[in-house]
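K.L.:
Structure file target38.pdb, PDB, C-alpha atoms, pLDDT in the B column, is pasted below:
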```
ATOM      1  CA  MET A   1      54.889  97.434  93.757  1.00 46.00           C
ATOM      2  CA  PHE A   2      58.103  98.005  91.810  1.00 50.00           C
ATOM      3  CA  ARG A   3      57.378  95.052  89.518  1.00 54.00           C
ATOM      4  CA  GLU A   4      54.522  97.140  88.129  1.00 58.00           C
ATOM      5  CA  ILE A   5      56.599 100.160  87.132  1.00 58.00           C
ATOM      6  CA  SER A   6      55.946 100.993  83.495  1.00 63.00           C
ATOM      7  CA  ALA A   7      58.851 101.706  81.182  1.00 66.00           C
ATOM      8  CA  CYS A   8      58.383 105.323  80.224  1.00 77.00           C
ATOM      9  CA  ILE A   9      61.711 106.730  79.034  1.00 86.00           C
ATOM     10  CA  ASP A  10      62.437 106.636  75.320  1.00 90.00           C
ATOM     11  CA  VAL A  11      66.190 107.130  75.495  1.00 91.00           C
ATOM     12  CA  ARG A  12      69.148 105.480  73.804  1.00 93.00           C
ATOM     13  CA  THR A  13      71.522 103.364  75.873  1.00 97.00           C
ATOM     14  CA  ILE A  14      74.845 101.709  75.126  1.00 98.00           C
ATOM     15  CA  PHE A  15      73.408  98.188  75.223  1.00 98.00           C
ATOM     16  CA  PRO A  16      71.863  97.964  71.724  1.00 98.00           C
ATOM     17  CA  GLU A  17      75.071  99.470  70.355  1.00 98.00           C
ATOM     18  CA  LEU A  18      77.112  96.775  72.087  1.00 98.00           C
ATOM     19  CA  GLU A  19      74.893  94.153  70.490  1.00 98.00           C
ATOM     20  CA  LYS A  20      75.370  95.676  67.030  1.00 98.00           C
ATOM     21  CA  ALA A  21      79.126  95.470  67.603  1.00 98.00           C
ATOM     22  CA  GLY A  22      78.832  91.802  68.598  1.00 98.00           C
ATOM     23  CA  VAL A  23      79.669  92.498  72.245  1.00 99.00           C
ATOM     24  CA  SER A  24      77.989  90.460  74.986  1.00 99.00           C
ATOM     25  CA  TRP A  25      76.652  92.215  78.094  1.00 99.00           C
ATOM     26  CA  ASN A  26      74.741  91.694  81.321  1.00 98.00           C
ATOM     27  CA  TYR A  27      73.381  94.135  83.859  1.00 97.00           C
ATOM     28  CA  TYR A  28      73.633  92.429  87.248  1.00 97.00           C
ATOM     29  CA  GLY A  29      71.007  94.300  89.233  1.00 92.00           C
ATOM     30  CA  LYS A  30      67.808  93.010  90.779  1.00 86.00           C
ATOM     31  CA  PRO A  31      65.138  93.501  88.094  1.00 81.00           C
ATOM     32  CA  GLU A  32      62.567  94.628  90.669  1.00 78.00           C
ATOM     33  CA  GLN A  33      64.939  96.956  92.564  1.00 78.00           C
ATOM     34  CA  PHE A  34      63.519 100.479  92.620  1.00 74.00           C
ATOM     35  CA  HIS A  35      66.825 102.189  91.827  1.00 79.00           C
ATOM     36  CA  ASN A  36      67.597  99.937  88.882  1.00 86.00           C
ATOM     37  CA  PRO A  37      67.450 102.576  86.114  1.00 88.00           C
ATOM     38  CA  LEU A  38      66.710 100.052  83.376  1.00 90.00           C
ATOM     39  CA  LEU A  39      63.261  99.487  84.898  1.00 86.00           C
ATOM     40  CA  ALA A  40      62.153 102.695  83.216  1.00 87.00           C
ATOM     41  CA  VAL A  41      64.005 102.449  79.885  1.00 92.00           C
ATOM     42  CA  ASP A  42      61.721 101.374  77.073  1.00 91.00           C
ATOM     43  CA  GLU A  43      64.354  99.834  74.774  1.00 93.00           C
ATOM     44  CA  ILE A  44      65.441  97.525  77.606  1.00 92.00           C
ATOM     45  CA  ARG A  45      62.345  96.836  79.693  1.00 90.00           C
ATOM     46  CA  ASN A  46      59.998  96.148  76.775  1.00 90.00           C
ATOM     47  CA  THR A  47      62.353  94.045  74.660  1.00 93.00           C
ATOM     48  CA  GLU A  48      64.256  90.769  74.889  1.00 95.00           C
ATOM     49  CA  ARG A  49      67.126  92.786  76.386  1.00 96.00           C
ATOM     50  CA  TRP A  50      65.334  92.564  79.725  1.00 94.00           C
ATOM     51  CA  ASP A  51      66.673  88.988  79.857  1.00 96.00           C
ATOM     52  CA  ASN A  52      70.136  90.521  80.303  1.00 97.00           C
ATOM     53  CA  VAL A  53      69.052  92.170  83.563  1.00 96.00           C
ATOM     54  CA  ILE A  54      70.024  89.519  86.085  1.00 95.00           C
ATOM     55  CA  ASP A  55      70.025  89.164  89.866  1.00 93.00           C
ATOM     56  CA  PRO A  56      73.463  90.236  91.159  1.00 93.00           C
ATOM     57  CA  GLU A  57      73.786  86.980  93.106  1.00 92.00           C
ATOM     58  CA  ARG A  58      74.444  85.370  89.725  1.00 96.00           C
ATOM     59  CA  PHE A  59      77.568  87.498  89.250  1.00 97.00           C
ATOM     60  CA  LEU A  60      79.591  85.384  91.681  1.00 97.00           C
ATOM     61  CA  GLU A  61      78.638  82.194  89.841  1.00 97.00           C
ATOM     62  CA  ASP A  62      79.437  83.609  86.409  1.00 98.00           C
ATOM     63  CA  ALA A  63      82.767  85.031  87.596  1.00 98.00           C
ATOM     64  CA  ALA A  64      83.826  81.727  89.146  1.00 96.00           C
ATOM     65  CA  ALA A  65      82.802  79.780  86.048  1.00 97.00           C
ATOM     66  CA  GLY A  66      84.462  82.153  83.577  1.00 96.00           C
ATOM     67  CA  GLU A  67      81.078  82.950  82.065  1.00 97.00           C
ATOM     68  CA  LEU A  68      80.999  86.714  82.444  1.00 98.00           C
ATOM     69  CA  PRO A  69      80.052  88.616  79.290  1.00 98.00           C
ATOM     70  CA  GLN A  70      82.446  91.092  77.701  1.00 98.00           C
ATOM     71  CA  VAL A  71      80.737  93.994  79.501  1.00 99.00           C
ATOM     72  CA  SER A  72      79.134  93.705  82.942  1.00 98.00           C
ATOM     73  CA  TYR A  73      77.424  96.321  85.047  1.00 98.00           C
ATOM     74  CA  VAL A  74      76.882  95.400  88.703  1.00 97.00           C
ATOM     75  CA  LEU A  75      74.318  97.225  90.843  1.00 93.00           C
ATOM     76  CA  PRO A  76      74.428  96.305  94.553  1.00 91.00           C
ATOM     77  CA  PRO A  77      71.213  95.141  96.219  1.00 88.00           C
ATOM     78  CA  ALA A  78      69.568  97.891  98.265  1.00 82.00           C
ATOM     79  CA  LYS A  79      70.640  96.413 101.607  1.00 83.00           C
ATOM     80  CA  VAL A  80      74.349  96.654 100.711  1.00 84.00           C
ATOM     81  CA  ASN A  81      74.451  99.775  98.545  1.00 77.00           C
ATOM     82  CA  ASP A  82      76.814 101.882 100.707  1.00 75.00           C
ATOM     83  CA  HIS A  83      74.292 104.645 101.397  1.00 73.00           C
ATOM     84  CA  PRO A  84      74.973 105.810 104.967  1.00 70.00           C
ATOM     85  CA  HIS A  85      71.443 105.613 106.307  1.00 72.00           C
ATOM     86  CA  PRO A  86      70.995 105.726 110.106  1.00 76.00           C
ATOM     87  CA  GLY A  87      71.733 102.397 111.719  1.00 76.00           C
ATOM     88  CA  ARG A  88      73.468 100.983 108.659  1.00 76.00           C
ATOM     89  CA  SER A  89      77.153 100.074 108.623  1.00 80.00           C
ATOM     90  CA  LEU A  90      79.118 101.004 105.522  1.00 81.00           C
ATOM     91  CA  CYS A  91      81.215  97.903 106.139  1.00 88.00           C
ATOM     92  CA  VAL A  92      78.348  95.741 104.870  1.00 87.00           C
ATOM     93  CA  GLY A  93      78.438  97.382 101.460  1.00 87.00           C
ATOM     94  CA  GLU A  94      82.221  97.467 101.344  1.00 92.00           C
ATOM     95  CA  ASN A  95      82.437  93.769 102.169  1.00 93.00           C
ATOM     96  CA  TRP A  96      79.883  92.973  99.467  1.00 93.00           C
ATOM     97  CA  THR A  97      81.926  94.891  96.900  1.00 95.00           C
ATOM     98  CA  ILE A  98      85.123  93.145  97.973  1.00 96.00           C
ATOM     99  CA  GLY A  99      83.354  89.821  97.467  1.00 96.00           C
ATOM    100  CA  GLN A 100      82.511  90.694  93.865  1.00 97.00           C
ATOM    101  CA  VAL A 101      86.060  91.863  93.163  1.00 98.00           C
ATOM    102  CA  ASN A 102      87.608  88.759  94.726  1.00 98.00           C
ATOM    103  CA  ALA A 103      85.358  86.519  92.647  1.00 97.00           C
ATOM    104  CA  VAL A 104      86.750  88.059  89.463  1.00 98.00           C
ATOM    105  CA  MET A 105      90.355  88.093  90.678  1.00 97.00           C
ATOM    106  CA  GLN A 106      90.142  84.408  91.619  1.00 97.00           C
ATOM    107  CA  GLY A 107      88.280  83.422  88.456  1.00 96.00           C
ATOM    108  CA  PRO A 108      89.626  82.376  85.063  1.00 97.00           C
ATOM    109  CA  ASP A 109      88.937  85.752  83.403  1.00 95.00           C
ATOM    110  CA  TRP A 110      91.229  87.843  85.605  1.00 96.00           C
ATOM    111  CA  GLU A 111      93.991  88.383  83.036  1.00 95.00           C
ATOM    112  CA  ARG A 112      91.596  89.992  80.552  1.00 95.00           C
ATOM    113  CA  THR A 113      89.454  92.000  82.932  1.00 97.00           C
ATOM    114  CA  ALA A 114      89.239  95.586  84.135  1.00 98.00           C
ATOM    115  CA  ILE A 115      87.046  96.391  87.137  1.00 98.00           C
ATOM    116  CA  PHE A 116      85.782  99.929  87.691  1.00 98.00           C
ATOM    117  CA  ILE A 117      84.323 100.815  91.087  1.00 97.00           C
ATOM    118  CA  THR A 118      82.528 104.116  91.481  1.00 94.00           C
ATOM    119  CA  TRP A 119      79.610 105.644  93.332  1.00 89.00           C
ATOM    120  CA  ASP A 120      76.602 107.681  92.278  1.00 84.00           C
ATOM    121  CA  ASP A 121      77.084 110.179  95.123  1.00 80.00           C
ATOM    122  CA  PHE A 122      80.154 112.135  96.108  1.00 82.00           C
ATOM    123  CA  GLY A 123      79.654 111.591  99.826  1.00 74.00           C
ATOM    124  CA  GLY A 124      79.710 115.128 101.176  1.00 76.00           C
ATOM    125  CA  ILE A 125      78.393 118.655 100.939  1.00 78.00           C
ATOM    126  CA  TYR A 126      81.530 120.467  99.772  1.00 82.00           C
ATOM    127  CA  ASP A 127      84.347 120.071  97.264  1.00 85.00           C
ATOM    128  CA  HIS A 128      87.237 122.551  97.306  1.00 88.00           C
ATOM    129  CA  GLU A 129      87.811 121.889  93.594  1.00 86.00           C
ATOM    130  CA  PRO A 130      85.119 123.629  91.506  1.00 85.00           C
ATOM    131  CA  PRO A 131      83.803 121.334  88.759  1.00 84.00           C
ATOM    132  CA  PRO A 132      84.266 122.434  85.145  1.00 82.00           C
ATOM    133  CA  GLN A 133      81.178 124.027  83.596  1.00 82.00           C
ATOM    134  CA  VAL A 134      80.884 122.129  80.313  1.00 81.00           C
ATOM    135  CA  ASP A 135      77.201 122.694  79.516  1.00 82.00           C
ATOM    136  CA  ASP A 136      73.959 123.671  81.245  1.00 83.00           C
ATOM    137  CA  LEU A 137      74.154 120.625  83.521  1.00 78.00           C
ATOM    138  CA  GLY A 138      77.830 120.716  84.431  1.00 78.00           C
ATOM    139  CA  PHE A 139      79.760 117.922  86.110  1.00 86.00           C
ATOM    140  CA  GLY A 140      78.962 118.384  89.783  1.00 84.00           C
ATOM    141  CA  PRO A 141      81.287 117.428  92.654  1.00 87.00           C
ATOM    142  CA  ARG A 142      83.929 114.756  92.157  1.00 90.00           C
ATOM    143  CA  VAL A 143      83.271 111.102  92.951  1.00 91.00           C
ATOM    144  CA  PRO A 144      85.865 108.383  93.553  1.00 92.00           C
ATOM    145  CA  LEU A 145      86.874 105.882  90.883  1.00 95.00           C
ATOM    146  CA  ILE A 146      88.971 102.784  91.556  1.00 97.00           C
ATOM    147  CA  VAL A 147      90.374 100.701  88.695  1.00 98.00           C
ATOM    148  CA  ILE A 148      91.456  97.118  89.390  1.00 98.00           C
ATOM    149  CA  SER A 149      93.094  95.171  86.582  1.00 98.00           C
ATOM    150  CA  PRO A 150      96.277  93.276  85.768  1.00 98.00           C
ATOM    151  CA  TRP A 151      96.837  96.038  83.212  1.00 98.00           C
ATOM    152  CA  ALA A 152      96.100  99.040  85.458  1.00 98.00           C
ATOM    153  CA  LYS A 153      98.994 101.396  86.179  1.00 97.00           C
ATOM    154  CA  SER A 154     100.067 100.399  89.669  1.00 94.00           C
ATOM    155  CA  GLY A 155      99.614 103.150  92.266  1.00 94.00           C
ATOM    156  CA  HIS A 156      98.581 105.619  89.586  1.00 96.00           C
ATOM    157  CA  ILE A 157      96.500 108.671  90.507  1.00 96.00           C
ATOM    158  CA  SER A 158      95.201 110.302  87.358  1.00 96.00           C
ATOM    159  CA  ASP A 159      94.904 114.051  86.944  1.00 93.00           C
ATOM    160  CA  THR A 160      92.742 113.615  83.837  1.00 94.00           C
ATOM    161  CA  THR A 161      89.141 114.780  84.072  1.00 93.00           C
ATOM    162  CA  PHE A 162      86.678 111.918  83.750  1.00 95.00           C
ATOM    163  CA  GLU A 163      82.906 111.841  84.112  1.00 93.00           C
ATOM    164  CA  PHE A 164      80.243 109.139  84.101  1.00 94.00           C
ATOM    165  CA  SER A 165      80.088 109.392  80.305  1.00 95.00           C
ATOM    166  CA  SER A 166      83.706 108.222  80.292  1.00 97.00           C
ATOM    167  CA  PHE A 167      82.403 104.685  80.823  1.00 98.00           C
ATOM    168  CA  LEU A 168      80.503 105.026  77.559  1.00 98.00           C
ATOM    169  CA  ALA A 169      83.509 106.606  75.858  1.00 98.00           C
ATOM    170  CA  LEU A 170      85.694 103.679  76.915  1.00 98.00           C
ATOM    171  CA  GLN A 171      83.306 101.115  75.456  1.00 98.00           C
ATOM    172  CA  GLU A 172      82.960 103.182  72.305  1.00 98.00           C
ATOM    173  CA  SER A 173      86.746 103.326  71.908  1.00 98.00           C
ATOM    174  CA  LEU A 174      87.242  99.621  72.563  1.00 98.00           C
ATOM    175  CA  PHE A 175      84.428  98.350  70.359  1.00 98.00           C
ATOM    176  CA  ASP A 176      84.354 101.020  67.622  1.00 98.00           C
ATOM    177  CA  ILE A 177      80.923 102.384  68.551  1.00 98.00           C
ATOM    178  CA  GLU A 178      79.653 105.814  67.565  1.00 98.00           C
ATOM    179  CA  PRO A 179      79.044 108.131  70.559  1.00 98.00           C
ATOM    180  CA  LEU A 180      75.470 108.400  71.795  1.00 97.00           C
ATOM    181  CA  THR A 181      75.588 112.105  72.748  1.00 94.00           C
ATOM    182  CA  HIS A 182      77.899 115.096  72.852  1.00 93.00           C
ATOM    183  CA  ARG A 183      78.833 114.198  76.444  1.00 92.00           C
ATOM    184  CA  ASP A 184      80.420 110.841  75.684  1.00 96.00           C
ATOM    185  CA  ARG A 185      81.814 112.202  72.406  1.00 96.00           C
ATOM    186  CA  ASN A 186      83.831 114.720  74.438  1.00 94.00           C
ATOM    187  CA  ALA A 187      84.575 112.543  77.480  1.00 95.00           C
ATOM    188  CA  ASN A 188      88.026 111.089  78.126  1.00 96.00           C
ATOM    189  CA  ASP A 189      87.900 107.326  77.645  1.00 97.00           C
ATOM    190  CA  MET A 190      90.071 106.246  80.623  1.00 97.00           C
ATOM    191  CA  LEU A 191      92.537 104.269  78.507  1.00 97.00           C
ATOM    192  CA  ASP A 192      95.367 106.284  80.057  1.00 95.00           C
ATOM    193  CA  LEU A 193      94.721 104.415  83.320  1.00 98.00           C
ATOM    194  CA  PHE A 194      96.262 101.303  81.769  1.00 98.00           C
ATOM    195  CA  ASP A 195      99.680 100.144  80.603  1.00 97.00           C
ATOM    196  CA  PHE A 196      99.235  97.276  78.172  1.00 96.00           C
ATOM    197  CA  ASP A 197     103.007  96.896  77.762  1.00 96.00           C
ATOM    198  CA  GLN A 198     103.616  96.087  81.428  1.00 95.00           C
ATOM    199  CA  GLU A 199     103.845  92.623  82.927  1.00 94.00           C
ATOM    200  CA  PRO A 200     100.302  91.775  84.063  1.00 94.00           C
ATOM    201  CA  LEU A 201      99.808  92.287  87.785  1.00 93.00           C
ATOM    202  CA  ASP A 202      98.977  89.342  90.011  1.00 91.00           C
ATOM    203  CA  PRO A 203      95.594  89.297  91.790  1.00 89.00           C
TER     204      PRO A 203
END
```
Let me see the structure of the file written as structure tokens.
P.N.:
Amino acid sequence: MFREISACIDVRTIFPELEKAGVSWNYYGKPEQFHNPLLAVDEIRNTERWDNVIDPERFLEDAAAGELPQVSYVLPPAKVNDHPHPGRSLCVGENWTIGQVNAVMQGPDWERTAIFITWDDFGGIYDHEPPPQVDDLGFGPRVPLIVISPWAKSGHISDTTFEFSSFLALQESLFDIEPLTHRDRNANDMLDLFDFDQEPLDP
């Protein structure tokens, strides 16, 4: 059923911009998975870029072999995606995520890697901290973000406001890419989560 979904959204993504900047990328998410957003994006689904959408099982192999691209997105398979549906243990998803992280930490690319773990839901029905109202859409409730890297500030809890567009802003800062929209143009780029003068942390 989901293999037959037609790409219908004509929207810009970061991936062509990465290519223009000479940056390699993969999106490790099952191509047929219904909540893989790239299924519906015309400039990915209907072009050769669809070859960069790869089964997440391949991530472990690429990490172990030192063959990860410069930018990787990893989308968990549906059965381990951390959504707390009845009868499902969150430990399954957590263990899957730990496996991906360990593969990178034990692989040859560890010293030049930053891992960002976040969720698409905030996991509750209330947040005592009202989100800033930045435009008609706003930010919504806060979601967790974990940064794992030999260059991450150890034990650091940031008080800087980030949003999902901050992932775009970070790539744009690192690779000299023009922002796609006003949201990533105004988003903090997360570079203050790192200390590139410190001794690199061990895995």
K.L.:
List as a list in words the protein and nucleic acid residues near Ser173 of chain A, meaning an atom at most 9 Å away when all atoms listed in the file are counted, but skip any in the same chain fewer than 4 places from it.
P.N.:
Leu168, Ala169, Ile177, Glu178, Asp189 and Leu191 of chain A
K.L.:
Counting all atoms listed in the file, which of A:Glu43, A:Asp136, A:Glu61, A:Glu32 gets nearest to Cys8 of chain A?
P.N.:
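Of A:Glu43, A:Asp136, A:Glu61, A:Glu32, the one nearest Cys8 of chain A is A:Glu43, counting all atoms listed in the file.
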K.L.:
In Å, rounded to a single decimal, give me how far atom CA of Pro56 of chain A is from atom CA of Gly155 of chain A.
P.N.:
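According to the coordinates, atom CA of Gly155 of chain A and atom CA of Pro56 of chain A are separated by 29.2 Å.
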K.L.:
Would you list the residues near (73.2, 85.4, 93.9), meaning any protein, DNA or RNA residue with an atom at most 12 Å from that point in file coordinates, counting all atoms listed in the file, as a list in words?
P.N.:
Tyr28, Gly29, Lys30, Ile54, Asp55, Pro56, Glu57, Arg58, Phe59, Leu60, Glu61, Asp62, Ala63, Val74, Pro76, Pro77, Trp96, Gly99 and Gln100 of chain A
K.L.:
Suppose a student applies the PyMOL selection byres ((chain A and resi 115) around 6) to this structure; what residues should they get, written as a PyMOL selection string?
P.N.:
chain A and resi 114+116+147-148
K.L.:
Atoms to include: C-alpha atoms. Write the selected residues as a PDB file, in the frame of the given file.
P.N.:
```
ATOM      1  CA  ALA A 114      89.239  95.586  84.135  1.00 98.00           C
ATOM      2  CA  PHE A 116      85.782  99.929  87.691  1.00 98.00           C
ATOM      3  CA  VAL A 147      90.374 100.701  88.695  1.00 98.00           C
ATOM      4  CA  ILE A 148      91.456  97.118  89.390  1.00 98.00           C
TER       5      ILE A 148
END
```
K.L.:
Determine the residue set returned by the PyMOL selection byres ((chain A and resi 119) around 9) for the present structure, and present it as a PyMOL selection string.
P.N.:
chain A and resi 82+117-118+120-123+143-145
K.L.:
Go ahead and dump the residues you just picked, C-alpha atoms, as a short mmCIF file (atom, residue, chain, number, x, y, z; two decimals), in the coordinates of the input.
P.N.:
```
data_model
loop_
_atom_site.label_atom_id
_atom_site.label_comp_id
_atom_site.auth_asym_id
_atom_site.auth_seq_id
_atom_site.Cartn_x
_atom_site.Cartn_y
_atom_site.Cartn_z
CA ASP A 82 76.81 101.88 100.71
CA ILE A 117 84.32 100.82 91.09
CA THR A 118 82.53 104.12 91.48
CA ASP A 120 76.60 107.68 92.28
CA ASP A 121 77.08 110.18 95.12
CA PHE A 122 80.15 112.14 96.11
CA GLY A 123 79.65 111.59 99.83
CA VAL A 143 83.27 111.10 92.95
CA PRO A 144 85.86 108.38 93.55
CA LEU A 145 86.87 105.88 90.88
#
```
K.L.:
To one decimal place, how far is atom CA of Glu67 of chain A from atom CA of Arg49 of chain A in Å?
P.N.:
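These atoms are spaced 18.0 Å apart.
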K.L.:
Record the distance separating atom CA of Met190 of chain A and atom CA of Ile14 of chain A, expressed in Å with one decimal.
P.N.:
16.8 Å
K.L.:
Determine the residue membership of the PyMOL selection byres ((chain A and resi 11) around 10) for the file above and supply it as a list in words.
P.N.:
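Checking the PyMOL selection byres ((chain A and resi 11) around 10) against this file, the residues are Cys8, Ile9, Asp10, Arg12, Thr13, Ala40, Val41, Asp42, Glu43 and Ile44 of chain A.
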K.L.:
Which residue gives the smallest distance to Thr113 of chain A among A:Cys91, A:Leu68, A:Ile146, A:Leu193, with only C-alpha atoms counted?
P.N.:
A:Leu68
K.L.:
Could you tell me which of A:Phe167, A:Tyr27, A:Trp151, A:Phe162 comes closest to Glu199 of chain A if we count all atoms listed in the file?
P.N.:
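Smallest separation from Glu199 of chain A among the options: A:Trp151.
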K.L.:
Taking only C-alpha atoms, show segment 45-109 of chain A of the given structure as a PDB file, in the first residue's frame.
P.N.:
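And here's result.pdb as it stands now:
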```
ATOM      1  CA  ARG A  45      10.933  10.730  -4.369  1.00  0.00           C
ATOM      2  CA  ASN A  46      10.912  11.462  -8.106  1.00  0.00           C
ATOM      3  CA  THR A  47      14.645  11.989  -8.583  1.00  0.00           C
ATOM      4  CA  GLU A  48      17.884  10.046  -8.209  1.00  0.00           C
ATOM      5  CA  ARG A  49      17.989  11.322  -4.617  1.00  0.00           C
ATOM      6  CA  TRP A  50      15.605   8.510  -3.713  1.00  0.00           C
ATOM      7  CA  ASP A  51      18.685   6.257  -3.885  1.00  0.00           C
ATOM      8  CA  ASN A  52      19.905   8.033  -0.739  1.00  0.00           C
ATOM      9  CA  VAL A  53      16.867   6.800   1.205  1.00  0.00           C
ATOM     10  CA  ILE A  54      18.189   3.563   2.656  1.00  0.00           C
ATOM     11  CA  ASP A  55      16.930   0.875   5.025  1.00  0.00           C
ATOM     12  CA  PRO A  56      18.087   1.769   8.561  1.00  0.00           C
ATOM     13  CA  GLU A  57      19.570  -1.710   8.995  1.00  0.00           C
ATOM     14  CA  ARG A  58      22.341  -0.493   6.694  1.00  0.00           C
ATOM     15  CA  PHE A  59      23.322   2.204   9.200  1.00  0.00           C
ATOM     16  CA  LEU A  60      25.056  -0.298  11.480  1.00  0.00           C
ATOM     17  CA  GLU A  61      27.116  -1.649   8.582  1.00  0.00           C
ATOM     18  CA  ASP A  62      28.121   1.794   7.332  1.00  0.00           C
ATOM     19  CA  ALA A  63      29.028   2.975  10.839  1.00  0.00           C
ATOM     20  CA  ALA A  64      31.195  -0.076  11.497  1.00  0.00           C
ATOM     21  CA  ALA A  65      32.925   0.247   8.130  1.00  0.00           C
ATOM     22  CA  GLY A  66      33.541   3.993   8.410  1.00  0.00           C
ATOM     23  CA  GLU A  67      31.343   4.585   5.378  1.00  0.00           C
ATOM     24  CA  LEU A  68      28.800   6.995   6.803  1.00  0.00           C
ATOM     25  CA  PRO A  69      28.209  10.115   4.709  1.00  0.00           C
ATOM     26  CA  GLN A  70      28.913  13.572   6.102  1.00  0.00           C
ATOM     27  CA  VAL A  71      25.244  13.997   7.072  1.00  0.00           C
ATOM     28  CA  SER A  72      22.991  11.124   8.149  1.00  0.00           C
ATOM     29  CA  TYR A  73      19.379  11.148   9.225  1.00  0.00           C
ATOM     30  CA  VAL A  74      18.153   7.986  10.957  1.00  0.00           C
ATOM     31  CA  LEU A  75      14.442   7.185  11.218  1.00  0.00           C
ATOM     32  CA  PRO A  76      13.636   4.171  13.429  1.00  0.00           C
ATOM     33  CA  PRO A  77      11.530   1.366  11.958  1.00  0.00           C
ATOM     34  CA  ALA A  78       7.902   1.543  13.084  1.00  0.00           C
ATOM     35  CA  LYS A  79       8.239  -1.361  15.525  1.00  0.00           C
ATOM     36  CA  VAL A  80      10.955   0.429  17.535  1.00  0.00           C
ATOM     37  CA  ASN A  81       9.930   4.074  17.202  1.00  0.00           C
ATOM     38  CA  ASP A  82       9.375   4.843  20.916  1.00  0.00           C
ATOM     39  CA  HIS A  83       5.675   5.656  20.559  1.00  0.00           C
ATOM     40  CA  PRO A  84       4.014   4.376  23.747  1.00  0.00           C
ATOM     41  CA  HIS A  85       1.219   2.380  22.166  1.00  0.00           C
ATOM     42  CA  PRO A  86      -0.642  -0.113  24.393  1.00  0.00           C
ATOM     43  CA  GLY A  87       1.298  -3.313  24.866  1.00  0.00           C
ATOM     44  CA  ARG A  88       4.552  -1.860  23.573  1.00  0.00           C
ATOM     45  CA  SER A  89       7.630  -1.449  25.755  1.00  0.00           C
ATOM     46  CA  LEU A  90       9.598   1.763  25.358  1.00  0.00           C
ATOM     47  CA  CYS A  91      12.707  -0.252  26.174  1.00  0.00           C
ATOM     48  CA  VAL A  92      12.605  -1.777  22.686  1.00  0.00           C
ATOM     49  CA  GLY A  93      12.980   1.613  21.043  1.00  0.00           C
ATOM     50  CA  GLU A  94      15.538   2.810  23.565  1.00  0.00           C
ATOM     51  CA  ASN A  95      17.662  -0.291  23.045  1.00  0.00           C
ATOM     52  CA  TRP A  96      17.484   0.166  19.274  1.00  0.00           C
ATOM     53  CA  THR A  97      18.680   3.758  19.603  1.00  0.00           C
ATOM     54  CA  ILE A  98      21.514   2.723  21.909  1.00  0.00           C
ATOM     55  CA  GLY A  99      22.581   0.187  19.288  1.00  0.00           C
ATOM     56  CA  GLN A 100      22.876   2.893  16.635  1.00  0.00           C
ATOM     57  CA  VAL A 101      24.830   5.173  18.967  1.00  0.00           C
ATOM     58  CA  ASN A 102      27.199   2.393  20.031  1.00  0.00           C
ATOM     59  CA  ALA A 103      27.881   1.507  16.404  1.00  0.00           C
ATOM     60  CA  VAL A 104      29.113   5.045  15.762  1.00  0.00           C
ATOM     61  CA  MET A 105      31.060   5.298  19.020  1.00  0.00           C
ATOM     62  CA  GLN A 106      32.840   2.010  18.289  1.00  0.00           C
ATOM     63  CA  GLY A 107      33.429   2.825  14.624  1.00  0.00           C
ATOM     64  CA  PRO A 108      36.321   4.645  12.967  1.00  0.00           C
ATOM     65  CA  ASP A 109      34.404   7.922  12.512  1.00  0.00           C
TER      66      ASP A 109
END
```
